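Here's model-v5.txt, which has compact mmCIF, C-alpha atoms:
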```txt
# COMPACT_ATOMS: atom_id res chain seq x y z
CA MET M 23 -90.52 -25.18 32.61
CA ALA M 24 -87.89 -26.87 34.74
CA SER M 25 -86.84 -23.76 36.61
CA SER M 26 -86.97 -23.88 40.39
CA PRO M 27 -88.93 -21.29 42.40
CA SER M 28 -85.69 -19.71 43.68
CA HIS M 29 -84.41 -19.38 40.11
CA ASP M 30 -87.69 -17.68 39.14
CA LEU M 31 -87.35 -15.28 42.06
CA ASN M 32 -83.80 -14.47 40.97
CA ARG M 33 -85.13 -13.57 37.53
CA VAL M 34 -87.70 -11.25 39.12
CA ARG M 35 -84.98 -9.64 41.26
CA ALA M 36 -82.68 -9.29 38.25
CA ALA M 37 -85.45 -7.51 36.33
CA ALA M 38 -85.82 -5.05 39.22
CA ARG M 39 -82.14 -3.98 39.03
CA ALA M 40 -81.47 -0.26 38.63
CA ASP M 41 -79.00 -0.82 35.77
CA THR M 42 -81.31 -2.61 33.36
CA GLU M 43 -81.86 -0.53 30.23
CA VAL M 44 -85.55 0.13 30.87
CA ASN M 45 -85.01 1.13 34.49
CA PHE M 46 -82.13 3.45 33.66
CA GLY M 47 -84.23 4.93 30.84
CA PHE M 48 -87.04 5.63 33.28
CA TRP M 49 -84.54 7.24 35.65
CA ALA M 50 -83.44 9.50 32.77
CA TYR M 51 -87.11 10.52 32.32
CA LEU M 52 -87.30 11.34 36.04
CA MET M 53 -84.20 13.50 35.73
CA SER M 54 -85.91 15.43 32.91
CA ASP M 55 -88.93 15.77 35.22
CA VAL M 56 -86.62 17.20 37.89
CA VAL M 57 -85.59 19.90 35.44
CA LEU M 58 -89.26 20.62 34.63
CA PHE M 59 -90.08 20.94 38.34
CA SER M 60 -87.03 23.15 38.91
CA MET M 61 -88.46 25.61 36.37
CA LEU M 62 -91.83 25.62 38.16
CA PHE M 63 -90.01 26.28 41.45
CA LEU M 64 -88.11 29.07 39.76
CA ALA M 65 -91.35 30.66 38.53
CA TYR M 66 -92.75 30.38 42.06
CA VAL M 67 -89.73 32.01 43.69
CA ASN M 68 -89.88 34.86 41.19
CA LEU M 69 -93.64 35.40 41.58
CA SER M 70 -94.10 34.48 45.25
CA GLN M 71 -94.50 38.09 46.37
CA ARG M 72 -96.59 39.35 43.46
CA TYR M 73 -99.91 39.47 45.33
CA ALA M 74 -101.63 42.09 43.14
CA GLY M 75 -103.65 43.11 46.20
CA GLY M 76 -104.85 39.53 46.64
CA PRO M 77 -104.25 37.13 49.52
CA THR M 78 -100.77 36.42 50.87
CA PRO M 79 -99.38 32.94 51.68
CA GLY M 80 -99.95 33.46 55.42
CA GLU M 81 -103.66 34.06 54.75
CA ILE M 82 -104.35 30.91 52.72
CA PHE M 83 -101.81 28.27 53.84
CA SER M 84 -102.48 26.00 56.80
CA LEU M 85 -99.45 24.59 58.66
CA HIS M 86 -101.67 21.85 60.11
CA GLY M 87 -102.87 20.69 56.68
CA VAL M 88 -99.41 20.73 55.10
CA PHE M 89 -98.02 18.79 58.06
CA LEU M 90 -100.63 16.02 57.63
CA GLU M 91 -99.94 15.85 53.88
CA THR M 92 -96.19 15.64 54.52
CA MET M 93 -96.59 12.87 57.11
CA ALA M 94 -98.84 10.85 54.76
CA LEU M 95 -96.43 11.11 51.83
CA LEU M 96 -93.39 10.26 53.97
CA ALA M 97 -95.16 7.22 55.44
CA SER M 98 -96.10 6.16 51.89
CA SER M 99 -92.39 6.15 50.97
CA LEU M 100 -91.82 3.70 53.83
CA THR M 101 -94.71 1.45 52.82
CA PHE M 102 -93.53 1.38 49.20
CA GLY M 103 -90.02 0.54 50.40
CA LEU M 104 -91.42 -2.38 52.36
CA ALA M 105 -93.28 -3.51 49.21
CA MET M 106 -89.88 -3.64 47.43
CA VAL M 107 -88.40 -5.64 50.33
CA SER M 108 -91.31 -8.10 49.94
CA LEU M 109 -90.63 -8.26 46.18
CA HIS M 110 -87.07 -9.37 46.83
CA GLN M 111 -88.39 -12.00 49.25
CA GLY M 112 -90.98 -13.18 46.72
CA LYS M 113 -93.90 -12.59 49.11
CA LYS M 114 -96.74 -11.78 46.73
CA ASN M 115 -99.44 -11.05 49.31
CA HIS M 116 -97.13 -8.81 51.32
CA ILE M 117 -96.39 -6.78 48.20
CA ILE M 118 -100.10 -6.30 47.50
CA GLY M 119 -100.72 -5.28 51.13
CA TRP M 120 -97.93 -2.68 51.16
CA LEU M 121 -98.98 -1.33 47.75
CA LEU M 122 -102.56 -0.89 48.99
CA ALA M 123 -101.25 0.86 52.14
CA THR M 124 -99.25 3.17 49.86
CA PHE M 125 -102.39 3.83 47.81
CA VAL M 126 -104.42 4.75 50.91
CA LEU M 127 -101.71 7.16 52.12
CA GLY M 128 -101.48 8.68 48.63
CA ALA M 129 -105.27 9.07 48.55
CA PHE M 130 -105.19 10.78 51.97
CA PHE M 131 -102.53 13.19 50.67
CA LEU M 132 -104.41 13.99 47.48
CA TRP M 133 -107.76 14.35 49.23
CA HIS M 134 -106.21 16.90 51.61
CA GLU M 135 -104.56 18.77 48.76
CA VAL M 136 -107.72 18.97 46.68
CA SER M 137 -109.75 20.12 49.72
CA GLU M 138 -107.13 22.81 50.29
CA PHE M 139 -107.37 23.94 46.65
CA VAL M 140 -111.18 24.04 46.80
CA HIS M 141 -111.05 26.01 50.05
CA ILE M 142 -108.61 28.56 48.61
CA ILE M 143 -110.63 28.96 45.40
CA HIS M 144 -113.86 29.42 47.40
CA GLU M 145 -112.19 32.31 49.19
CA GLY M 146 -111.88 34.00 45.81
CA ALA M 147 -108.19 33.21 45.47
CA SER M 148 -108.11 31.17 42.26
CA PHE M 149 -105.09 30.80 39.98
CA ASP M 150 -106.06 33.90 37.99
CA ARG M 151 -106.08 36.19 41.04
CA SER M 152 -102.35 37.03 41.16
CA GLY M 153 -98.92 35.98 39.94
CA PHE M 154 -98.31 34.32 43.29
CA LEU M 155 -101.45 32.17 42.97
CA SER M 156 -100.73 31.24 39.32
CA ALA M 157 -97.27 30.01 40.27
CA TYR M 158 -98.61 28.27 43.40
CA PHE M 159 -101.34 26.32 41.61
CA GLY M 160 -99.00 25.56 38.70
CA LEU M 161 -96.30 24.07 40.91
CA VAL M 162 -98.35 22.29 43.57
CA GLY M 163 -100.95 21.16 41.01
CA THR M 164 -98.28 19.57 38.80
CA HIS M 165 -96.98 17.62 41.80
CA GLY M 166 -100.54 16.58 42.71
CA ALA M 167 -101.15 15.40 39.13
CA HIS M 168 -98.04 13.20 39.39
CA VAL M 169 -99.39 11.69 42.63
CA PHE M 170 -102.74 11.03 40.92
CA PHE M 171 -101.10 9.15 38.04
CA GLY M 172 -98.88 7.30 40.51
CA MET M 173 -102.02 6.09 42.30
CA ILE M 174 -103.53 4.78 39.05
CA TRP M 175 -100.22 2.99 38.40
CA LEU M 176 -100.32 1.53 41.94
CA LEU M 177 -103.77 0.01 41.39
CA THR M 178 -102.68 -1.31 37.99
CA MET M 179 -99.72 -3.09 39.59
CA VAL M 180 -101.91 -4.55 42.35
CA ALA M 181 -104.24 -5.97 39.68
CA GLN M 182 -101.34 -7.36 37.60
CA ILE M 183 -99.70 -9.04 40.61
CA ALA M 184 -103.04 -10.52 41.71
CA LEU M 185 -103.80 -11.86 38.22
CA ARG M 186 -100.37 -12.93 36.95
CA GLY M 187 -98.23 -13.42 40.05
CA LEU M 188 -94.58 -12.38 40.31
CA THR M 189 -93.15 -12.37 36.81
CA PRO M 190 -89.89 -10.67 35.78
CA ALA M 191 -91.93 -8.11 33.78
CA ILE M 192 -93.91 -7.18 36.89
CA GLY M 193 -90.73 -6.97 39.00
CA SER M 194 -89.33 -4.60 36.38
CA ARG M 195 -92.47 -2.40 36.38
CA LEU M 196 -92.59 -2.32 40.17
CA ALA M 197 -88.96 -1.12 40.26
CA ARG M 198 -89.93 1.83 38.04
CA LEU M 199 -93.03 2.68 40.06
CA SER M 200 -90.79 2.62 43.16
CA LEU M 201 -88.49 5.21 41.58
CA PHE M 202 -91.49 7.32 40.56
CA TRP M 203 -93.11 7.21 44.00
CA HIS M 204 -89.92 8.04 45.95
CA PHE M 205 -89.25 10.81 43.43
CA LEU M 206 -92.65 12.39 44.25
CA ASP M 207 -91.69 12.51 47.92
CA LEU M 208 -88.39 14.20 46.99
CA VAL M 209 -90.26 16.90 45.06
CA TRP M 210 -92.67 17.34 47.99
CA ILE M 211 -89.74 18.08 50.36
CA CYS M 212 -88.83 20.92 48.00
CA VAL M 213 -92.49 22.06 47.88
CA PHE M 214 -92.98 22.40 51.63
CA SER M 215 -89.49 23.92 52.04
CA THR M 216 -89.95 26.46 49.24
CA VAL M 217 -93.67 27.23 49.26
CA TYR M 218 -95.42 26.45 52.53
CA LEU M 219 -92.91 26.92 55.36
CA PRO M 220 -91.35 30.18 54.03
CA GLY M 221 -94.86 31.45 53.19
CA LEU M 222 -96.06 30.78 56.72
CA ILE M 223 -93.06 32.60 58.23
CA GLN M 224 -93.51 35.74 56.13
CA GLY M 225 -97.28 35.71 56.43
CA GLY M 226 -97.28 36.00 60.20
CA SER M 227 -101.08 35.50 60.10
CA ALA M 228 -101.38 35.41 63.87
CA MET T 261 -75.13 -2.33 30.84
CA SER T 262 -78.14 -4.64 30.84
CA HIS T 263 -78.24 -7.40 33.41
CA SER T 264 -81.83 -8.36 32.69
CA ASP T 265 -81.00 -11.41 30.59
CA ASP T 266 -79.13 -13.33 33.23
CA ALA T 267 -80.38 -14.01 36.73
CA THR T 268 -78.08 -11.70 38.67
CA PRO T 269 -80.29 -10.32 41.41
CA GLY T 270 -79.69 -6.72 42.34
CA HIS T 271 -78.69 -5.51 45.74
CA ALA T 272 -81.60 -6.60 47.96
CA PRO T 273 -83.17 -3.70 49.90
CA THR T 274 -83.65 -4.32 53.61
CA ALA T 275 -86.54 -3.25 55.83
CA GLY T 276 -83.97 -1.88 58.31
CA ALA T 277 -82.61 0.60 55.76
CA TYR T 278 -86.12 1.85 54.92
CA ILE T 279 -87.06 2.24 58.59
CA THR T 280 -83.78 4.08 59.32
CA GLY T 281 -84.45 6.35 56.34
CA TYR T 282 -88.01 6.96 57.49
CA LEU T 283 -86.95 7.90 61.03
CA LEU T 284 -84.18 10.22 59.80
CA ALA T 285 -86.58 11.86 57.34
CA LEU T 286 -89.18 12.20 60.10
CA VAL T 287 -86.74 14.06 62.37
CA LEU T 288 -85.61 16.27 59.48
CA THR T 289 -89.28 17.10 58.80
CA LEU T 290 -90.25 17.75 62.42
CA ILE T 291 -87.38 20.23 62.93
CA PRO T 292 -88.47 22.81 60.30
CA PHE T 293 -92.22 22.35 60.96
CA GLY T 294 -91.59 22.71 64.71
CA ALA T 295 -89.45 25.80 64.18
CA VAL T 296 -92.21 27.47 62.14
CA TYR T 297 -94.99 26.34 64.50
CA TYR T 298 -93.27 27.64 67.64
CA GLU T 299 -91.72 30.67 65.85
CA ALA T 300 -88.46 29.49 67.40
CA PHE T 301 -86.09 31.77 65.49
CA SER T 302 -85.98 35.03 63.57
CA PRO T 303 -87.27 34.71 59.96
CA GLY T 304 -83.74 34.68 58.51
CA VAL T 305 -82.53 31.86 60.78
CA MET T 306 -85.78 29.99 60.16
CA LEU T 307 -85.22 30.05 56.38
CA LEU T 308 -81.70 28.72 56.95
CA VAL T 309 -83.02 25.89 59.17
CA ILE T 310 -85.65 25.00 56.51
CA ALA T 311 -83.03 24.98 53.72
CA VAL T 312 -80.44 22.92 55.63
CA THR T 313 -82.93 20.28 56.85
CA ALA T 314 -84.42 20.05 53.32
CA VAL T 315 -81.02 19.39 51.72
CA LEU T 316 -80.17 16.81 54.41
CA GLN T 317 -83.53 15.11 53.92
CA LEU T 318 -83.05 15.00 50.13
CA GLY T 319 -79.73 13.24 50.83
CA VAL T 320 -81.42 10.72 53.17
CA HIS T 321 -84.08 9.93 50.55
CA LEU T 322 -81.57 9.58 47.70
CA ARG T 323 -79.32 7.28 49.72
CA LEU T 324 -81.75 5.16 51.75
CA PHE T 325 -84.93 5.14 49.60
CA LEU T 326 -83.48 5.38 46.09
CA HIS T 327 -80.25 3.51 47.05
CA LEU T 328 -77.98 5.84 45.07
CA ASP T 329 -74.26 5.16 45.45
CA MET T 330 -71.26 4.53 43.20
CA SER T 331 -71.74 0.74 43.03
CA GLN T 332 -71.85 -0.97 39.64
CA GLU T 333 -75.66 -1.16 39.76
CA GLN T 334 -76.28 2.49 40.67
CA ARG T 335 -73.33 4.32 39.13
CA TRP T 336 -75.08 5.76 36.06
CA ASN T 337 -78.16 6.76 38.05
CA THR T 338 -75.91 8.68 40.43
CA ILE T 339 -73.98 10.33 37.60
CA SER T 340 -77.24 11.41 35.93
CA VAL T 341 -78.37 12.98 39.24
CA LEU T 342 -75.12 14.94 39.47
CA PHE T 343 -75.58 16.11 35.87
CA SER T 344 -79.16 17.21 36.64
CA VAL T 345 -77.98 19.11 39.71
CA PHE T 346 -75.43 20.91 37.53
CA THR T 347 -78.10 21.71 34.90
CA ILE T 348 -80.49 23.05 37.55
CA PHE T 349 -77.71 25.11 39.12
CA VAL T 350 -76.98 26.79 35.80
CA MET T 351 -80.65 27.40 34.83
CA VAL T 352 -82.11 28.30 38.22
CA GLY T 353 -79.05 30.15 39.49
CA GLY T 354 -78.60 32.01 36.21
CA THR T 355 -82.28 33.00 35.98
CA LEU T 356 -82.47 34.18 39.59
CA TRP T 357 -79.34 36.25 39.06
CA LEU T 358 -80.85 37.76 35.91
CA PHE T 359 -84.25 38.56 37.45
CA TYR T 360 -82.98 40.03 40.70
CA SER T 361 -80.53 42.17 38.78
CA LEU T 362 -83.43 43.30 36.58
CA TYR T 363 -85.64 44.10 39.59
CA ALA T 364 -82.84 46.05 41.23
CA ARG T 365 -82.22 48.09 38.08
CA HIS T 366 -85.91 48.85 37.71
CA MET T 367 -86.41 49.33 41.45
CA MET T 368 -89.24 46.78 41.38
CA VAL T 369 -88.34 45.10 44.67
CA GLY T 370 -91.50 44.58 46.70
CA TYR T 371 -93.67 45.46 43.72
```

Just give me the structure of the file as structure tokens.
Amino acid sequence: MASSPSHDLNRVRAAARADTEVNFGFWAYLMSDVVLFSMLFLAYVNLSQRYAGGPTPGEIFSLHGVFLETMALLASSLTFGLAMVSLHQGKKNHIIGWLLATFVLGAFFLWHEVSEFVHIIHEGASFDRSGFLSAYFGLVGTHGAHVFFGMIWLLTMVAQIALRGLTPAIGSRLARLSLFWHFLDLVWICVFSTVYLPGLIQGGSA
Amino acid sequence: MSHSDDATPGHAPTAGAYITGYLLALVLTLIPFGAVYYEAFSPGVMLLVIAVTAVLQLGVHLRLFLHLDMSQEQRWNTISVLFSVFTIFVMVGGTLWLFYSLYARHMMVGY
């Protein structure tokens, strides 16, 4: 074990490259996930005005709530980015701090989303009420499930870094989680631009 | 294509790039939310504003958060994104065309 600390850090940074086989493979998975989401968006666009006499988007969506969720997820992209900057600088405690900040913002997002779902369902507008609601819960719920698994992954990485320090394997895993987390924010841009904002225009629930 | 065996560090991300990306994304989020909140435009113009700011923000995220470009490190990631965009265009565009044609023929618009 004659390697210098800077050489070790270079190995961690090399493992985090986008063109390693594992990281490109994970990117290919994300591209397949993009196609899956695009089909859910397609179903939503086709069903978004099939109310079957049930509630309309303007009656159940809250601009205020969606705005808070959007701000939390966007801020979490920044905090994860800063975790990756800390990775390249080899600052272990900074990485853990930024990852925990990302987790808190993700938890805020998910808590808001789940409260929104519970509120809508309590108003008698569950996923079986109309085509619009089936497509809405299917699309937004799939995104929320991704955020949930991303948060489990975040805590796992925090534990691994705390226990094992910065190894090349951990740098490699963190690079993939970074792709996954930024990808979730990309999908969310499409969600608020396809589902919430257009729904709140049409609804006109003054 | 693997560089994991040697110690060639990848392009190091900078805090400045992430903060720039965050601020751009913030502005591109505030514009559509503000337009809807203040009912600034007619519904048609509003949908256009939402669509344009969304596409611009996707570009900001892909470039400044996911670091996509045509460099050696990112080339295949970028190419796979372009392929996915093409795939989505064919499937989503084709299906929308099919369904709206079907609705029109069956006079189901607004059903």

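Atom CA of T:Phe359 is positioned 18.6 Å from atom CA of M:Tyr158.
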
Please, which residues of chain T lie no more than 7 Å from chain M when the count uses all atoms listed in the file, and can they be set out as a ChimeraX atom specification? /T:261-264,267-270,272-275,278-279,282,296,303,307,310-311,314,318,325-326,333-334,337,341,344,348,352,371

Using all atoms listed in the file, the shortest atom-to-atom distance to M:Gly128 among M:Trp203, M:Gly75, M:Ile142, M:Leu62 belongs to M:Trp203

Point-to-point distance in Å for atom CA of M:Phe48 and atom CA of T:Ser340: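 Separating atom CA of T:Ser340 from atom CA of M:Phe48 is a distance of 11.7 Å.
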
Length of the atom CA of M:Met173 to atom CA of T:Leu288 vector [Å]: 25.8 Å

Shortest interatomic distance to M:Gly153 - which of M:Thr78, M:Leu127, M:Tyr51, M:Val169, counting only C-alpha atoms: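 Going through M:Thr78, M:Leu127, M:Tyr51, M:Val169 one by one, the smallest distance to M:Gly153 is for M:Thr78.
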
Counting all atoms listed in the file, closest pick from M:Val162, M:Val180, M:Val217, M:Leu69 relative to M:Phe125 is M:Val180

Counting all atoms listed in the file, what is within 9 Å of T:Gly281, bar same-chain residues fewer than 2 positions away, as a ChimeraX atom specification? /M:100 /T:276-279,283-286,320-321,323-325

Resulting file, chosen residues, C-alpha atoms, as a compact mmCIF listing (two decimals), in the coordinates of the input:
```txt
# COMPACT_ATOMS: atom_id res chain seq x y z
CA LEU M 100 -91.82 3.70 53.83
CA GLY T 276 -83.97 -1.88 58.31
CA ALA T 277 -82.61 0.60 55.76
CA TYR T 278 -86.12 1.85 54.92
CA ILE T 279 -87.06 2.24 58.59
CA LEU T 283 -86.95 7.90 61.03
CA LEU T 284 -84.18 10.22 59.80
CA ALA T 285 -86.58 11.86 57.34
CA LEU T 286 -89.18 12.20 60.10
CA VAL T 320 -81.42 10.72 53.17
CA HIS T 321 -84.08 9.93 50.55
CA ARG T 323 -79.32 7.28 49.72
CA LEU T 324 -81.75 5.16 51.75
CA PHE T 325 -84.93 5.14 49.60
```

Around all the atoms of stretch 282-289 of chain T listed in the file, with 8 Å of room on each side, what axis-aligned box do you get, giving centre and edge lengths in Å to one decimal, as JSON?
```
{"center_x": -86.7, "center_y": 12.0, "center_z": 59.9, "size_x": 21.1, "size_y": 26.1, "size_z": 21.0}
```
